Structures are given as C-alpha cells and as structure tokens.
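Printed here is upload-v3.txt (compact mmCIF, C-alpha atoms):
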# COMPACT_ATOMS: atom_id res chain seq x y z
CA VAL A 935 -0.64 6.83 -13.05
CA ALA A 936 1.21 9.98 -12.04
CA VAL A 937 4.38 8.88 -13.85
CA PHE A 938 2.38 8.01 -16.95
CA LEU A 939 0.66 11.40 -16.95
CA ALA A 940 3.98 13.21 -16.41
CA VAL A 941 5.58 11.36 -19.33
CA ALA A 942 2.55 11.94 -21.58
CA ILE A 943 2.49 15.67 -20.81
CA SER A 944 6.24 16.05 -21.33
CA MET A 945 6.12 14.07 -24.60
CA ASN A 946 3.29 16.29 -25.80
CA ARG A 947 5.32 19.37 -24.90
CA LEU A 948 8.43 18.05 -26.67
CA ILE A 949 6.42 17.23 -29.80
CA SER A 950 4.58 20.56 -29.85
CA ASP A 951 7.87 22.48 -29.47
CA SER A 952 9.50 20.27 -32.16
CA GLU A 953 12.35 19.38 -29.82
CA LEU A 954 12.22 15.68 -30.72
CA THR A 955 12.46 16.60 -34.41
CA VAL A 956 15.44 18.86 -33.73
CA GLY A 957 17.12 16.06 -31.80
CA ALA A 958 16.58 13.67 -34.70
CA VAL A 959 17.99 16.17 -37.20
CA ALA A 960 20.99 16.77 -34.91
CA GLY A 961 21.86 13.07 -35.11
CA MET A 962 20.31 11.60 -31.96
CA SER A 963 19.05 8.07 -32.39
CA ARG A 964 15.53 7.08 -31.39
CA GLY A 965 16.94 5.23 -28.36
CA GLN A 966 18.82 8.33 -27.21
CA ARG A 967 15.68 10.44 -27.47
CA MET A 968 13.56 7.92 -25.55
CA SER A 969 16.20 7.00 -22.97
CA PRO A 970 15.01 9.45 -20.24
CA PHE A 971 11.44 8.18 -20.50
CA ILE A 972 12.52 4.54 -20.38
CA ARG A 973 14.70 5.24 -17.31
CA ILE A 974 11.80 6.94 -15.53
CA ALA A 975 9.57 3.95 -16.34
CA VAL A 976 12.18 1.50 -15.00
CA PHE A 977 12.64 3.52 -11.79
CA ALA A 978 8.86 3.67 -11.27
CA MET A 979 8.62 -0.08 -11.87
CA LEU A 980 11.42 -0.83 -9.38
CA GLY A 981 9.85 1.46 -6.78
CA ASN A 982 6.51 -0.26 -7.22
CA LEU A 983 8.19 -3.67 -6.94
CA VAL A 984 9.93 -2.73 -3.68
CA ILE A 985 6.67 -1.46 -2.22
CA ASN A 986 4.75 -4.59 -3.24
CA LEU A 987 7.40 -7.07 -2.09
CA PHE A 988 8.64 -5.49 1.14
CA VAL A 989 6.69 -2.47 2.41
CA GLN A 990 3.13 -3.71 1.88
CA PRO A 991 3.58 -7.10 3.66
CA VAL A 992 5.21 -5.42 6.69
CA ALA A 993 2.45 -2.82 6.87
CA PHE A 994 -0.25 -5.50 6.52
CA ARG A 995 1.34 -7.59 9.29
CA GLU A 996 1.43 -4.55 11.59
CA MET A 997 -2.20 -3.79 10.80
CA ARG A 998 -3.27 -7.38 11.60
CA GLU A 999 -1.39 -7.27 14.93
CA SER A 1000 -2.99 -3.93 15.81
CA VAL A 1001 -6.48 -5.17 14.95
CA TYR A 1002 -5.90 -8.33 17.01
CA GLU A 1003 -4.77 -6.29 20.02
CA ILE A 1004 -7.74 -3.93 19.72
CA ARG A 1005 -10.21 -6.81 19.45
CA SER A 1006 -8.69 -8.70 22.38
CA ASP A 1007 -8.74 -5.57 24.54
CA LEU A 1008 -12.36 -4.96 23.57
CA VAL A 1009 -13.37 -8.49 24.56
CA ALA A 1010 -11.44 -8.22 27.83
CA ALA A 1011 -13.28 -4.99 28.62
CA PHE A 1012 -16.66 -6.72 28.32
CA MET A 1013 -15.74 -9.88 30.20
CA ARG A 1014 -15.52 -9.72 33.99
CA PRO A 1015 -14.59 -12.77 36.07
CA GLY A 1016 -17.56 -14.45 37.75
CA GLU A 1017 -20.21 -12.52 35.80
CA PHE A 1018 -22.62 -13.37 33.03
CA THR A 1019 -22.32 -11.07 29.99
CA ASP A 1020 -25.37 -10.71 27.76
CA LEU A 1021 -24.42 -9.98 24.15
CA GLY A 1022 -27.98 -9.95 22.84
CA GLY A 1023 -29.59 -12.29 20.37
CA ASN A 1024 -29.87 -15.13 22.93
CA VAL A 1025 -26.11 -15.17 23.50
CA THR A 1026 -24.72 -15.03 27.02
CA PHE A 1027 -21.14 -15.62 28.13
CA TYR A 1028 -19.92 -16.65 31.57
CA THR A 1029 -16.28 -15.92 32.40
CA ARG A 1030 -14.79 -17.96 35.22
CA SER A 1031 -11.42 -16.15 35.19
CA LEU A 1032 -9.32 -13.95 32.92
CA ASP A 1033 -5.73 -14.81 32.07
CA ASP A 1034 -3.19 -12.56 30.39
For the file at hand, write its structure as structure tokens.
Amino acid sequence: VAVFLAVAISMNRLISDSELTVGAVAGMSRGQRMSPFIRIAVFAMLGNLVINLFVQPVAFREMRESVYEIRSDLVAAFMRPGEFTDLGGNVTFYTRSLDD
C-alpha cells in the first residue's frame, strides 16, 4: 500500500508539473518514462515474495515453538507429583510423576 501511494503521489506530481509531457516532447518513449515505476513495483513484488516464502514461515514456526513451551511450562507449574489438581468444572487431574 505504501509503494502504491508513493507511486500515485509522484505520478500526480510529475503530471501537475508537466514533466512527463516534457519527457515525451524530448523524445522519451512511454516505456522509458514508466521504467522507474515498473522497477519499483517489481522490487516491491520480489520483497513481498521473499517475506511470504521464507521469513513468514520461519517466524510462524518460532511462534508455535514458543507457544508450545509456554503452555507446557504452565501445565507443569500446576501439576505436582502425588497431588490432585482441581481445574474446576468437575475436572480433576492426578499426577503420579513428572518427566522432563
């Protein structure tokens, strides 16, 4: 969204200052005038692709491991060997022993 807004604002500025018209009169083709915007769009697309394919899965895996460790530590804190643990709602746990 930020790249789109930046391109839209810069295109508006170029049109209002007649710089695109001057470029066309000077002999620049339409492709030469749009080349910077297309390059920015391709770089933004590649950056987004790298994030979606590599960064996001690694971050999600780390988050799942962290949540698992937190939940297992929380359960271990409530459970004591040889004691009944009342969790409410007619649910009671008995822990014979705790292993790592």
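Rounded to one decimal, atom CA of Gln966 of chain A and atom CA of Asn946 of chain A lie 17.5 Å from each other.
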* Asked: Within 9 Å of segment 967-975 of chain A, counting all atoms listed in the file, which residues qualify if same-chain residues fewer than 2 places away don't, as a PyMOL selection string?
  -> chain A and resi 937-938+941+945+954+957-958+962-965+977-980
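Residues in contact range of Glu1017 of chain A, defined as at most 12 Å between only C-alpha atoms, with sequence neighbours fewer than 2 positions away removed, read Phe1012, Met1013, Arg1014, Pro1015, Thr1019, Asp1020, Thr1026, Phe1027, Tyr1028, Thr1029, Arg1030, Ser1031 and Leu1032 of chain A.
Between atom CA of Val976 of chain A and atom CA of Ile949 of chain A the separation is 22.4 Å.
Put simply, atom CA of Ile985 of chain A is 25.5 Å away from atom CA of Glu1003 of chain A.
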Find the axis-aligned box for segment 949-955 of chain A, covering all its listed atoms and adding 3 Å on each side, and write its centre and edge lengths in Å to one decimal as AutoDock Vina command-line options.
--center_x 8.5 --center_y 19.1 --center_z -31.9 --size_x 13.9 --size_y 12.8 --size_z 10.9
Can you sort out segment 939-959 of chain A so it carries N, CA, C and O atoms, written as a PDB file, keeping the file's coordinate frame?
ATOM      1  N   LEU A 939       1.146  10.071 -16.580  1.00  0.00           N
ATOM      2  CA  LEU A 939       0.660  11.400 -16.950  1.00  0.00           C
ATOM      3  C   LEU A 939       1.821  12.378 -17.143  1.00  0.00           C
ATOM      4  O   LEU A 939       1.807  13.190 -18.075  1.00  0.00           O
ATOM      5  N   ALA A 940       2.827  12.318 -16.273  1.00  0.00           N
ATOM      6  CA  ALA A 940       3.980  13.210 -16.410  1.00  0.00           C
ATOM      7  C   ALA A 940       4.709  12.952 -17.719  1.00  0.00           C
ATOM      8  O   ALA A 940       5.098  13.903 -18.424  1.00  0.00           O
ATOM      9  N   VAL A 941       4.894  11.691 -18.071  1.00  0.00           N
ATOM     10  CA  VAL A 941       5.580  11.360 -19.330  1.00  0.00           C
ATOM     11  C   VAL A 941       4.728  11.783 -20.519  1.00  0.00           C
ATOM     12  O   VAL A 941       5.248  12.341 -21.497  1.00  0.00           O
ATOM     13  N   ALA A 942       3.425  11.561 -20.459  1.00  0.00           N
ATOM     14  CA  ALA A 942       2.550  11.940 -21.580  1.00  0.00           C
ATOM     15  C   ALA A 942       2.552  13.454 -21.783  1.00  0.00           C
ATOM     16  O   ALA A 942       2.623  13.931 -22.927  1.00  0.00           O
ATOM     17  N   ILE A 943       2.495  14.206 -20.692  1.00  0.00           N
ATOM     18  CA  ILE A 943       2.490  15.670 -20.810  1.00  0.00           C
ATOM     19  C   ILE A 943       3.835  16.165 -21.345  1.00  0.00           C
ATOM     20  O   ILE A 943       3.883  17.041 -22.219  1.00  0.00           O
ATOM     21  N   SER A 944       4.930  15.600 -20.842  1.00  0.00           N
ATOM     22  CA  SER A 944       6.240  16.050 -21.330  1.00  0.00           C
ATOM     23  C   SER A 944       6.467  15.654 -22.788  1.00  0.00           C
ATOM     24  O   SER A 944       7.067  16.419 -23.559  1.00  0.00           O
ATOM     25  N   MET A 945       6.000  14.466 -23.189  1.00  0.00           N
ATOM     26  CA  MET A 945       6.120  14.070 -24.600  1.00  0.00           C
ATOM     27  C   MET A 945       5.306  15.006 -25.489  1.00  0.00           C
ATOM     28  O   MET A 945       5.762  15.414 -26.565  1.00  0.00           O
ATOM     29  N   ASN A 946       4.122  15.366 -25.041  1.00  0.00           N
ATOM     30  CA  ASN A 946       3.290  16.290 -25.800  1.00  0.00           C
ATOM     31  C   ASN A 946       3.997  17.641 -25.948  1.00  0.00           C
ATOM     32  O   ASN A 946       3.987  18.240 -27.025  1.00  0.00           O
ATOM     33  N   ARG A 947       4.604  18.089 -24.865  1.00  0.00           N
ATOM     34  CA  ARG A 947       5.320  19.370 -24.900  1.00  0.00           C
ATOM     35  C   ARG A 947       6.524  19.299 -25.850  1.00  0.00           C
ATOM     36  O   ARG A 947       6.772  20.235 -26.612  1.00  0.00           O
ATOM     37  N   LEU A 948       7.276  18.203 -25.780  1.00  0.00           N
ATOM     38  CA  LEU A 948       8.430  18.050 -26.670  1.00  0.00           C
ATOM     39  C   LEU A 948       8.008  17.986 -28.136  1.00  0.00           C
ATOM     40  O   LEU A 948       8.692  18.534 -29.011  1.00  0.00           O
ATOM     41  N   ILE A 949       6.904  17.325 -28.417  1.00  0.00           N
ATOM     42  CA  ILE A 949       6.420  17.230 -29.800  1.00  0.00           C
ATOM     43  C   ILE A 949       5.902  18.577 -30.278  1.00  0.00           C
ATOM     44  O   ILE A 949       6.190  19.007 -31.409  1.00  0.00           O
ATOM     45  N   SER A 950       5.140  19.264 -29.428  1.00  0.00           N
ATOM     46  CA  SER A 950       4.580  20.560 -29.850  1.00  0.00           C
ATOM     47  C   SER A 950       5.670  21.609 -30.044  1.00  0.00           C
ATOM     48  O   SER A 950       5.524  22.509 -30.871  1.00  0.00           O
ATOM     49  N   ASP A 951       6.757  21.541 -29.298  1.00  0.00           N
ATOM     50  CA  ASP A 951       7.870  22.480 -29.470  1.00  0.00           C
ATOM     51  C   ASP A 951       8.884  22.002 -30.501  1.00  0.00           C
ATOM     52  O   ASP A 951       9.908  22.666 -30.704  1.00  0.00           O
ATOM     53  N   SER A 952       8.637  20.872 -31.123  1.00  0.00           N
ATOM     54  CA  SER A 952       9.500  20.270 -32.160  1.00  0.00           C
ATOM     55  C   SER A 952      10.894  19.939 -31.648  1.00  0.00           C
ATOM     56  O   SER A 952      11.858  19.918 -32.421  1.00  0.00           O
ATOM     57  N   GLU A 953      11.036  19.695 -30.379  1.00  0.00           N
ATOM     58  CA  GLU A 953      12.350  19.380 -29.820  1.00  0.00           C
ATOM     59  C   GLU A 953      12.784  17.969 -30.194  1.00  0.00           C
ATOM     60  O   GLU A 953      13.986  17.722 -30.371  1.00  0.00           O
ATOM     61  N   LEU A 954      11.853  17.026 -30.293  1.00  0.00           N
ATOM     62  CA  LEU A 954      12.220  15.680 -30.720  1.00  0.00           C
ATOM     63  C   LEU A 954      12.680  15.677 -32.169  1.00  0.00           C
ATOM     64  O   LEU A 954      13.618  14.953 -32.536  1.00  0.00           O
ATOM     65  N   THR A 955      12.055  16.496 -33.009  1.00  0.00           N
ATOM     66  CA  THR A 955      12.460  16.600 -34.410  1.00  0.00           C
ATOM     67  C   THR A 955      13.853  17.206 -34.518  1.00  0.00           C
ATOM     68  O   THR A 955      14.692  16.743 -35.310  1.00  0.00           O
ATOM     69  N   VAL A 956      14.116  18.228 -33.721  1.00  0.00           N
ATOM     70  CA  VAL A 956      15.440  18.860 -33.730  1.00  0.00           C
ATOM     71  C   VAL A 956      16.496  17.865 -33.270  1.00  0.00           C
ATOM     72  O   VAL A 956      17.598  17.814 -33.823  1.00  0.00           O
ATOM     73  N   GLY A 957      16.174  17.075 -32.262  1.00  0.00           N
ATOM     74  CA  GLY A 957      17.120  16.060 -31.800  1.00  0.00           C
ATOM     75  C   GLY A 957      17.403  15.029 -32.867  1.00  0.00           C
ATOM     76  O   GLY A 957      18.546  14.571 -33.028  1.00  0.00           O
ATOM     77  N   ALA A 958      16.380  14.638 -33.618  1.00  0.00           N
ATOM     78  CA  ALA A 958      16.580  13.670 -34.700  1.00  0.00           C
ATOM     79  C   ALA A 958      17.439  14.258 -35.808  1.00  0.00           C
ATOM     80  O   ALA A 958      18.325  13.586 -36.357  1.00  0.00           O
ATOM     81  N   VAL A 959      17.216  15.520 -36.153  1.00  0.00           N
ATOM     82  CA  VAL A 959      17.990  16.170 -37.200  1.00  0.00           C
ATOM     83  C   VAL A 959      19.440  16.359 -36.752  1.00  0.00           C
ATOM     84  O   VAL A 959      20.366  16.286 -37.559  1.00  0.00           O
TER      85      VAL A 959
END
